[in-house]
file upload-v3.txt (compact mmCIF, C-alpha atoms)
# COMPACT_ATOMS: atom_id res chain seq x y z
CA MET A 1 89.87 -45.48 29.41
CA ASP A 2 88.30 -48.29 27.40
CA SER A 3 88.18 -47.58 23.64
CA GLY A 4 84.53 -48.70 23.54
CA ILE A 5 83.62 -45.92 25.92
CA TRP A 6 85.44 -43.40 23.74
CA ARG A 7 83.57 -44.68 20.68
CA ALA A 8 80.25 -44.39 22.53
CA ALA A 9 81.10 -40.87 23.72
CA GLY A 10 82.07 -39.85 20.18
CA LEU A 11 78.87 -41.31 18.76
CA ALA A 12 76.82 -39.46 21.38
CA ALA A 13 78.57 -36.19 20.46
CA LEU A 14 77.69 -36.74 16.80
CA VAL A 15 74.11 -37.90 17.34
CA ALA A 16 73.05 -35.39 20.04
CA PRO A 17 72.93 -32.29 17.77
CA ALA A 18 70.94 -34.22 15.15
CA MET A 19 68.45 -35.35 17.79
CA VAL A 20 68.02 -31.79 19.08
CA ALA A 21 67.51 -30.51 15.53
CA ALA A 22 64.87 -33.17 14.91
CA ILE A 23 62.99 -32.25 18.10
CA VAL A 24 63.09 -28.48 17.56
CA THR A 25 60.77 -27.34 14.78
CA ALA A 26 60.78 -24.11 12.82
CA ALA A 27 58.71 -21.38 14.48
CA SER A 28 56.48 -20.71 11.47
CA ALA A 29 56.40 -20.44 7.72
CA ALA A 30 58.53 -18.01 5.72
CA PRO A 31 57.81 -14.29 5.99
CA LYS A 32 54.91 -13.07 3.91
CA PRO A 33 55.04 -10.39 1.23
CA GLY A 34 54.55 -7.03 2.90
CA ASP A 35 56.16 -8.12 6.18
CA ALA A 36 59.00 -5.92 7.38
CA LEU A 37 62.42 -7.57 7.26
CA PRO A 38 63.15 -8.37 10.90
CA ALA A 39 66.34 -7.42 12.68
CA ALA A 40 68.93 -10.15 12.25
CA ARG A 41 72.72 -10.38 12.24
CA ALA A 42 75.35 -12.78 10.99
CA ALA A 43 79.07 -12.40 10.27
CA THR A 44 81.68 -13.82 7.92
CA LEU A 45 84.76 -15.58 9.24
CA ASP A 46 86.77 -12.37 8.75
CA GLY A 47 84.28 -10.34 10.79
CA ARG A 48 82.23 -8.61 8.08
CA GLU A 49 78.75 -8.21 9.50
CA LEU A 50 75.40 -8.59 7.81
CA ASN A 51 72.87 -6.53 9.74
CA THR A 52 69.41 -6.38 8.21
CA ARG A 53 68.70 -3.09 10.00
CA SER A 54 71.53 -1.34 8.13
CA MET A 55 70.12 -2.28 4.72
CA SER A 56 67.37 0.28 4.59
CA GLY A 57 67.00 1.74 1.11
CA LYS A 58 68.62 -1.27 -0.59
CA ILE A 59 67.18 -4.26 -2.40
CA VAL A 60 68.24 -7.35 -0.43
CA LEU A 61 68.21 -10.95 -1.59
CA ILE A 62 68.95 -13.46 1.16
CA PHE A 63 69.75 -17.13 0.62
CA TYR A 64 69.53 -18.88 4.00
CA GLU A 65 70.68 -22.47 3.63
CA ASP A 66 72.49 -25.31 5.33
CA LYS A 67 75.09 -27.56 3.71
CA ASP A 68 72.46 -29.98 2.43
CA SER A 69 70.19 -27.35 0.85
CA ALA A 70 72.85 -25.02 -0.62
CA GLN A 71 72.56 -26.70 -4.04
CA HIS A 72 68.74 -26.57 -4.22
CA ASN A 73 68.57 -23.17 -5.92
CA MET A 74 71.69 -23.27 -8.09
CA ALA A 75 69.59 -22.45 -11.17
CA LEU A 76 68.54 -19.15 -9.56
CA LYS A 77 72.09 -18.43 -8.37
CA ASN A 78 73.44 -19.08 -11.88
CA GLU A 79 70.85 -16.76 -13.43
CA LEU A 80 71.74 -14.04 -10.92
CA GLY A 81 75.43 -14.53 -11.71
CA LYS A 82 74.70 -13.80 -15.37
CA VAL A 83 72.78 -10.64 -14.44
CA GLN A 84 75.68 -9.44 -12.29
CA LYS A 85 78.14 -9.99 -15.15
CA ALA A 86 76.00 -8.10 -17.68
CA PRO A 87 77.30 -4.79 -19.05
CA GLY A 88 76.08 -1.82 -17.04
CA TRP A 89 75.40 -3.85 -13.91
CA LYS A 90 75.60 -1.68 -10.85
CA PRO A 91 75.45 -3.40 -7.49
CA ASN A 92 72.27 -1.80 -6.15
CA VAL A 93 71.25 -5.16 -4.76
CA VAL A 94 72.74 -6.86 -1.71
CA VAL A 95 72.91 -10.61 -2.27
CA ALA A 96 73.63 -12.35 1.03
CA ALA A 97 74.48 -16.01 1.46
CA VAL A 98 73.78 -16.96 5.06
CA ALA A 99 74.78 -20.45 6.18
CA ASP A 100 72.82 -22.16 8.92
CA VAL A 101 75.71 -23.72 10.85
CA SER A 102 73.85 -23.86 14.17
CA GLY A 103 74.10 -27.64 14.27
CA TYR A 104 77.90 -27.45 14.17
CA ASP A 105 78.59 -25.02 17.01
CA TRP A 106 80.63 -27.52 19.02
CA TRP A 107 84.22 -28.68 19.05
CA PRO A 108 85.69 -30.06 16.79
CA ALA A 109 82.92 -29.61 14.21
CA ARG A 110 83.18 -25.82 14.35
CA GLY A 111 86.77 -25.93 13.07
CA PHE A 112 85.88 -28.24 10.19
CA VAL A 113 82.97 -25.99 9.23
CA LYS A 114 85.19 -22.91 9.25
CA ASP A 115 87.65 -24.65 6.92
CA ALA A 116 84.87 -25.73 4.56
CA ILE A 117 83.32 -22.24 4.53
CA GLN A 118 86.69 -20.62 3.76
CA ALA A 119 87.20 -23.02 0.85
CA GLU A 120 83.70 -22.33 -0.50
CA GLN A 121 84.18 -18.55 -0.23
CA ARG A 122 87.41 -18.79 -2.22
CA LYS A 123 85.77 -21.01 -4.85
CA SER A 124 82.63 -18.91 -5.26
CA GLY A 125 84.10 -15.47 -4.61
CA THR A 126 81.08 -14.75 -2.43
CA PRO A 127 81.16 -13.86 1.25
CA ILE A 128 79.26 -16.37 3.36
CA TYR A 129 77.71 -15.15 6.59
CA LEU A 130 77.47 -17.70 9.38
CA ASP A 131 74.53 -18.22 11.70
CA TRP A 132 76.10 -20.19 14.56
CA SER A 133 73.21 -19.67 16.99
CA GLY A 134 70.31 -20.12 14.57
CA ASP A 135 68.98 -16.69 15.59
CA PHE A 136 69.19 -15.26 12.04
CA GLY A 137 67.12 -18.15 10.73
CA LYS A 138 64.56 -17.76 13.51
CA ALA A 139 64.28 -14.02 12.85
CA ILE A 140 63.49 -14.51 9.16
CA LYS A 141 61.33 -17.56 9.92
CA ALA A 142 63.53 -19.84 7.82
CA LYS A 143 62.56 -23.47 7.47
CA LYS A 144 65.30 -25.77 8.76
CA GLY A 145 66.84 -28.01 6.11
CA ALA A 146 65.47 -25.99 3.20
CA SER A 147 66.86 -23.37 0.89
CA ASN A 148 65.14 -20.17 2.02
CA VAL A 149 65.10 -17.28 -0.44
CA VAL A 150 63.87 -13.86 0.68
CA LEU A 151 63.73 -10.78 -1.58
CA VAL A 152 63.28 -7.49 0.26
CA GLY A 153 62.50 -4.18 -1.40
CA ALA A 154 64.20 -0.86 -0.73
CA ASP A 155 61.29 -0.07 1.62
CA GLY A 156 62.39 -2.93 3.91
CA LYS A 157 59.33 -5.02 3.10
CA VAL A 158 59.44 -8.63 1.95
CA GLN A 159 58.50 -8.93 -1.71
CA ILE A 160 59.10 -12.65 -2.21
CA ALA A 161 59.82 -15.44 0.27
CA HIS A 162 60.18 -19.07 -0.70
CA GLU A 163 61.17 -22.28 1.06
CA GLY A 164 62.67 -25.08 -1.01
CA VAL A 165 63.45 -25.19 -4.70
CA VAL A 166 62.23 -21.98 -6.34
CA PRO A 167 59.93 -22.71 -9.31
CA GLN A 168 60.65 -21.04 -12.65
CA THR A 169 57.91 -18.42 -12.27
CA VAL A 170 59.31 -17.25 -8.92
CA ARG A 171 62.89 -17.36 -10.30
CA ASP A 172 61.76 -15.15 -13.17
CA ALA A 173 60.18 -12.67 -10.74
CA ILE A 174 63.34 -12.53 -8.59
CA VAL A 175 65.64 -12.11 -11.59
CA ALA A 176 63.36 -9.40 -13.03
CA ALA A 177 63.37 -7.51 -9.72
CA VAL A 178 67.16 -7.71 -9.49
CA ARG A 179 67.64 -6.79 -13.16
CA LYS A 180 65.40 -3.74 -12.71
CA GLN A 181 67.88 -2.38 -10.20
call {"tool": "encode", "arguments": {"input": "upload-v3.txt", "output": "structure tokens"}}
result
Amino acid sequence: MDSGIWRAAGLAALVAPAMVAAIVTAASAAPKPGDALPAARAATLDGRELNTRSMSGKIVLIFYEDKDSAQHNMALKNELGKVQKAPGWKPNVVVAAVADVSGYDWWPARGFVKDAIQAEQRKSGTPIYLDWSGDFGKAIKAKKGASNVVLVGADGKVQIAHEGVVPQTVRDAIVAAVRKQ
């Protein structure tokens, strides 16, 4: 086959997911305080499952991000890391990093993403749950392309939900809620 055709086919394979993502818009804004945490599932590469329905009675902090937004809330993540390293810290809070990898659920991108996620998990020491279908993001009403942070109380109700870079006042409220636990 002509190499120009192969180049065109490869370009189409790369551009098509981006075009679909641009056409599809997020269902609605982030969940509101007082909303119940909806049922959603994601799993790590080694099969550990994150199921929001099994978290009843626990404080849950979800970071739902894609590769471009994962750095947006590093200040909050760093502050939480300090809290977790403090003397007397008991893990009464579930902190879940969920990666929106729905745009990469095709060959060969899926393999590259798996390799990158494994490397990031080793570097950070944090399990990363993968949302290949985008269903987790839809369930929590996450905004595509943004860092979505959702804090859920032990009662299963959303306490804080934020899209984008979390301002200092919201960071302080999240850290205080986590520290209280």
call {"tool": "closest_residue", "arguments": {"input": "upload-v3.txt", "among": "A:Leu45, A:Leu76, A:Val60, A:Val178", "to": "Ile128 (chain A)", "atoms": "all atoms listed in the file"}}
result
A:Leu45
call {"tool": "atom_distance", "arguments": {"input": "upload-v3.txt", "atom1": "CA of Arg48 (chain A)", "atom2": "CA of Ala176 (chain A)"}}
result
28.3 Å
call {"tool": "residues_around", "arguments": {"input": "upload-v3.txt", "residues": "Gln84 (chain A)", "least_positions_apart": "5", "cutoff": "12 Å", "atoms": "all atoms listed in the file", "output": "PyMOL selection string"}}
result
chain A and resi 77-79+89-95+175+178-181
call {"tool": "residues_around", "arguments": {"input": "upload-v3.txt", "residues": "Leu37 (chain A)", "least_positions_apart": "6", "cutoff": "12 Å", "atoms": "only C-alpha atoms", "output": "PyMOL selection string"}}
result
chain A and resi 30-31+51-56+58-62+136+139-141+150-161
call {"tool": "closest_residue", "arguments": {"input": "upload-v3.txt", "among": "A:Ala146, A:His162, A:Asp105, A:Gln168", "to": "Pro33 (chain A)", "atoms": "only C-alpha atoms"}}
result
A:His162
call {"tool": "axis_aligned_box", "arguments": {"input": "upload-v3.txt", "around": "region 132-139 of chain A", "padding_each_side": "4 Å", "output": "lines of an AutoDock Vina configuration file"}}
result
center_x = 70.2
center_y = -17.1
center_z = 13.9
size_x = 19.8
size_y = 14.2
size_z = 14.3
call {"tool": "closest_residue", "arguments": {"input": "upload-v3.txt", "among": "A:Leu130, A:Gly137, A:Asn148, A:Gly81", "to": "Gln118 (chain A)", "atoms": "all atoms listed in the file"}}
result
A:Leu130
call {"tool": "closest_residue", "arguments": {"input": "upload-v3.txt", "among": "A:Glu120, A:Trp107, A:Arg171, A:Ala36", "to": "Asn73 (chain A)", "atoms": "only C-alpha atoms"}}
result
A:Arg171
call {"tool": "closest_residue", "arguments": {"input": "upload-v3.txt", "among": "A:Asp131, A:Asp35, A:Asp172, A:Asp46", "to": "Glu65 (chain A)", "atoms": "only C-alpha atoms"}}
result
A:Asp131
call {"tool": "atom_distance", "arguments": {"input": "upload-v3.txt", "atom1": "CA of Thr44 (chain A)", "atom2": "CA of Gln71 (chain A)"}}
result
19.8 Å
call {"tool": "build_atoms", "arguments": {"input": "upload-v3.txt", "residues": "region 122-155 of chain A", "atoms": "N, CA and C atoms", "output": "PDB file, in the coordinates of the input"}}
result
ATOM      1  N   ARG A 122      86.362 -18.965  -1.197  1.00  0.00           N
ATOM      2  CA  ARG A 122      87.410 -18.790  -2.220  1.00  0.00           C
ATOM      3  C   ARG A 122      86.922 -19.283  -3.582  1.00  0.00           C
ATOM      4  N   LYS A 123      86.251 -20.418  -3.596  1.00  0.00           N
ATOM      5  CA  LYS A 123      85.770 -21.010  -4.850  1.00  0.00           C
ATOM      6  C   LYS A 123      84.695 -20.142  -5.509  1.00  0.00           C
ATOM      7  N   SER A 124      83.760 -19.657  -4.703  1.00  0.00           N
ATOM      8  CA  SER A 124      82.630 -18.910  -5.260  1.00  0.00           C
ATOM      9  C   SER A 124      82.890 -17.411  -5.378  1.00  0.00           C
ATOM     10  N   GLY A 125      83.853 -16.906  -4.612  1.00  0.00           N
ATOM     11  CA  GLY A 125      84.100 -15.470  -4.610  1.00  0.00           C
ATOM     12  C   GLY A 125      83.012 -14.684  -3.912  1.00  0.00           C
ATOM     13  N   THR A 126      82.205 -15.359  -3.121  1.00  0.00           N
ATOM     14  CA  THR A 126      81.080 -14.750  -2.430  1.00  0.00           C
ATOM     15  C   THR A 126      81.271 -14.843  -0.923  1.00  0.00           C
ATOM     16  N   PRO A 127      81.076 -13.744  -0.205  1.00  0.00           N
ATOM     17  CA  PRO A 127      81.160 -13.860   1.250  1.00  0.00           C
ATOM     18  C   PRO A 127      79.993 -14.710   1.771  1.00  0.00           C
ATOM     19  N   ILE A 128      80.291 -15.533   2.745  1.00  0.00           N
ATOM     20  CA  ILE A 128      79.260 -16.370   3.360  1.00  0.00           C
ATOM     21  C   ILE A 128      79.159 -15.975   4.826  1.00  0.00           C
ATOM     22  N   TYR A 129      77.978 -15.544   5.206  1.00  0.00           N
ATOM     23  CA  TYR A 129      77.710 -15.150   6.590  1.00  0.00           C
ATOM     24  C   TYR A 129      77.268 -16.387   7.355  1.00  0.00           C
ATOM     25  N   LEU A 130      77.724 -16.492   8.594  1.00  0.00           N
ATOM     26  CA  LEU A 130      77.470 -17.700   9.380  1.00  0.00           C
ATOM     27  C   LEU A 130      76.499 -17.438  10.516  1.00  0.00           C
ATOM     28  N   ASP A 131      75.511 -18.294  10.617  1.00  0.00           N
ATOM     29  CA  ASP A 131      74.530 -18.220  11.700  1.00  0.00           C
ATOM     30  C   ASP A 131      74.797 -19.377  12.654  1.00  0.00           C
ATOM     31  N   TRP A 132      75.707 -19.146  13.604  1.00  0.00           N
ATOM     32  CA  TRP A 132      76.100 -20.190  14.560  1.00  0.00           C
ATOM     33  C   TRP A 132      74.995 -20.487  15.564  1.00  0.00           C
ATOM     34  N   SER A 133      74.223 -19.495  15.938  1.00  0.00           N
ATOM     35  CA  SER A 133      73.210 -19.670  16.990  1.00  0.00           C
ATOM     36  C   SER A 133      71.853 -20.098  16.437  1.00  0.00           C
ATOM     37  N   GLY A 134      71.619 -19.863  15.155  1.00  0.00           N
ATOM     38  CA  GLY A 134      70.310 -20.120  14.570  1.00  0.00           C
ATOM     39  C   GLY A 134      69.372 -18.942  14.705  1.00  0.00           C
ATOM     40  N   ASP A 135      69.836 -17.860  15.356  1.00  0.00           N
ATOM     41  CA  ASP A 135      68.980 -16.690  15.590  1.00  0.00           C
ATOM     42  C   ASP A 135      68.591 -15.974  14.293  1.00  0.00           C
ATOM     43  N   PHE A 136      69.509 -15.898  13.322  1.00  0.00           N
ATOM     44  CA  PHE A 136      69.190 -15.260  12.040  1.00  0.00           C
ATOM     45  C   PHE A 136      68.044 -16.014  11.378  1.00  0.00           C
ATOM     46  N   GLY A 137      68.160 -17.329  11.334  1.00  0.00           N
ATOM     47  CA  GLY A 137      67.120 -18.150  10.730  1.00  0.00           C
ATOM     48  C   GLY A 137      65.772 -18.005  11.428  1.00  0.00           C
ATOM     49  N   LYS A 138      65.803 -17.952  12.763  1.00  0.00           N
ATOM     50  CA  LYS A 138      64.560 -17.760  13.510  1.00  0.00           C
ATOM     51  C   LYS A 138      63.942 -16.398  13.198  1.00  0.00           C
ATOM     52  N   ALA A 139      64.784 -15.372  13.105  1.00  0.00           N
ATOM     53  CA  ALA A 139      64.280 -14.020  12.850  1.00  0.00           C
ATOM     54  C   ALA A 139      63.573 -13.929  11.504  1.00  0.00           C
ATOM     55  N   ILE A 140      64.127 -14.586  10.484  1.00  0.00           N
ATOM     56  CA  ILE A 140      63.490 -14.510   9.160  1.00  0.00           C
ATOM     57  C   ILE A 140      62.519 -15.670   8.923  1.00  0.00           C
ATOM     58  N   LYS A 141      62.272 -16.437   9.966  1.00  0.00           N
ATOM     59  CA  LYS A 141      61.330 -17.560   9.920  1.00  0.00           C
ATOM     60  C   LYS A 141      61.725 -18.600   8.876  1.00  0.00           C
ATOM     61  N   ALA A 142      63.025 -18.879   8.802  1.00  0.00           N
ATOM     62  CA  ALA A 142      63.530 -19.840   7.820  1.00  0.00           C
ATOM     63  C   ALA A 142      63.168 -21.267   8.225  1.00  0.00           C
ATOM     64  N   LYS A 143      62.848 -22.062   7.240  1.00  0.00           N
ATOM     65  CA  LYS A 143      62.560 -23.470   7.470  1.00  0.00           C
ATOM     66  C   LYS A 143      63.879 -24.221   7.531  1.00  0.00           C
ATOM     67  N   LYS A 144      64.083 -24.980   8.597  1.00  0.00           N
ATOM     68  CA  LYS A 144      65.300 -25.770   8.760  1.00  0.00           C
ATOM     69  C   LYS A 144      65.389 -26.805   7.641  1.00  0.00           C
ATOM     70  N   GLY A 145      66.592 -26.981   7.118  1.00  0.00           N
ATOM     71  CA  GLY A 145      66.840 -28.010   6.110  1.00  0.00           C
ATOM     72  C   GLY A 145      66.381 -27.661   4.712  1.00  0.00           C
ATOM     73  N   ALA A 146      65.949 -26.420   4.522  1.00  0.00           N
ATOM     74  CA  ALA A 146      65.470 -25.990   3.200  1.00  0.00           C
ATOM     75  C   ALA A 146      66.276 -24.790   2.741  1.00  0.00           C
ATOM     76  N   SER A 147      66.311 -24.598   1.437  1.00  0.00           N
ATOM     77  CA  SER A 147      66.860 -23.370   0.890  1.00  0.00           C
ATOM     78  C   SER A 147      65.776 -22.314   1.044  1.00  0.00           C
ATOM     79  N   ASN A 148      66.088 -21.258   1.782  1.00  0.00           N
ATOM     80  CA  ASN A 148      65.140 -20.170   2.020  1.00  0.00           C
ATOM     81  C   ASN A 148      65.616 -18.957   1.238  1.00  0.00           C
ATOM     82  N   VAL A 149      64.757 -18.428   0.392  1.00  0.00           N
ATOM     83  CA  VAL A 149      65.100 -17.280  -0.440  1.00  0.00           C
ATOM     84  C   VAL A 149      64.134 -16.155  -0.089  1.00  0.00           C
ATOM     85  N   VAL A 150      64.694 -14.996   0.290  1.00  0.00           N
ATOM     86  CA  VAL A 150      63.870 -13.860   0.680  1.00  0.00           C
ATOM     87  C   VAL A 150      64.350 -12.631  -0.092  1.00  0.00           C
ATOM     88  N   LEU A 151      63.445 -12.019  -0.847  1.00  0.00           N
ATOM     89  CA  LEU A 151      63.730 -10.780  -1.580  1.00  0.00           C
ATOM     90  C   LEU A 151      63.019  -9.644  -0.850  1.00  0.00           C
ATOM     91  N   VAL A 152      63.808  -8.629  -0.488  1.00  0.00           N
ATOM     92  CA  VAL A 152      63.280  -7.490   0.260  1.00  0.00           C
ATOM     93  C   VAL A 152      63.463  -6.233  -0.569  1.00  0.00           C
ATOM     94  N   GLY A 153      62.433  -5.429  -0.652  1.00  0.00           N
ATOM     95  CA  GLY A 153      62.500  -4.180  -1.400  1.00  0.00           C
ATOM     96  C   GLY A 153      63.241  -3.099  -0.646  1.00  0.00           C
ATOM     97  N   ALA A 154      63.493  -1.991  -1.330  1.00  0.00           N
ATOM     98  CA  ALA A 154      64.200  -0.860  -0.730  1.00  0.00           C
ATOM     99  C   ALA A 154      63.422  -0.277   0.449  1.00  0.00           C
ATOM    100  N   ASP A 155      62.116  -0.556   0.509  1.00  0.00           N
ATOM    101  CA  ASP A 155      61.290  -0.070   1.620  1.00  0.00           C
ATOM    102  C   ASP A 155      61.407  -0.952   2.861  1.00  0.00           C
TER     103      ASP A 155
END
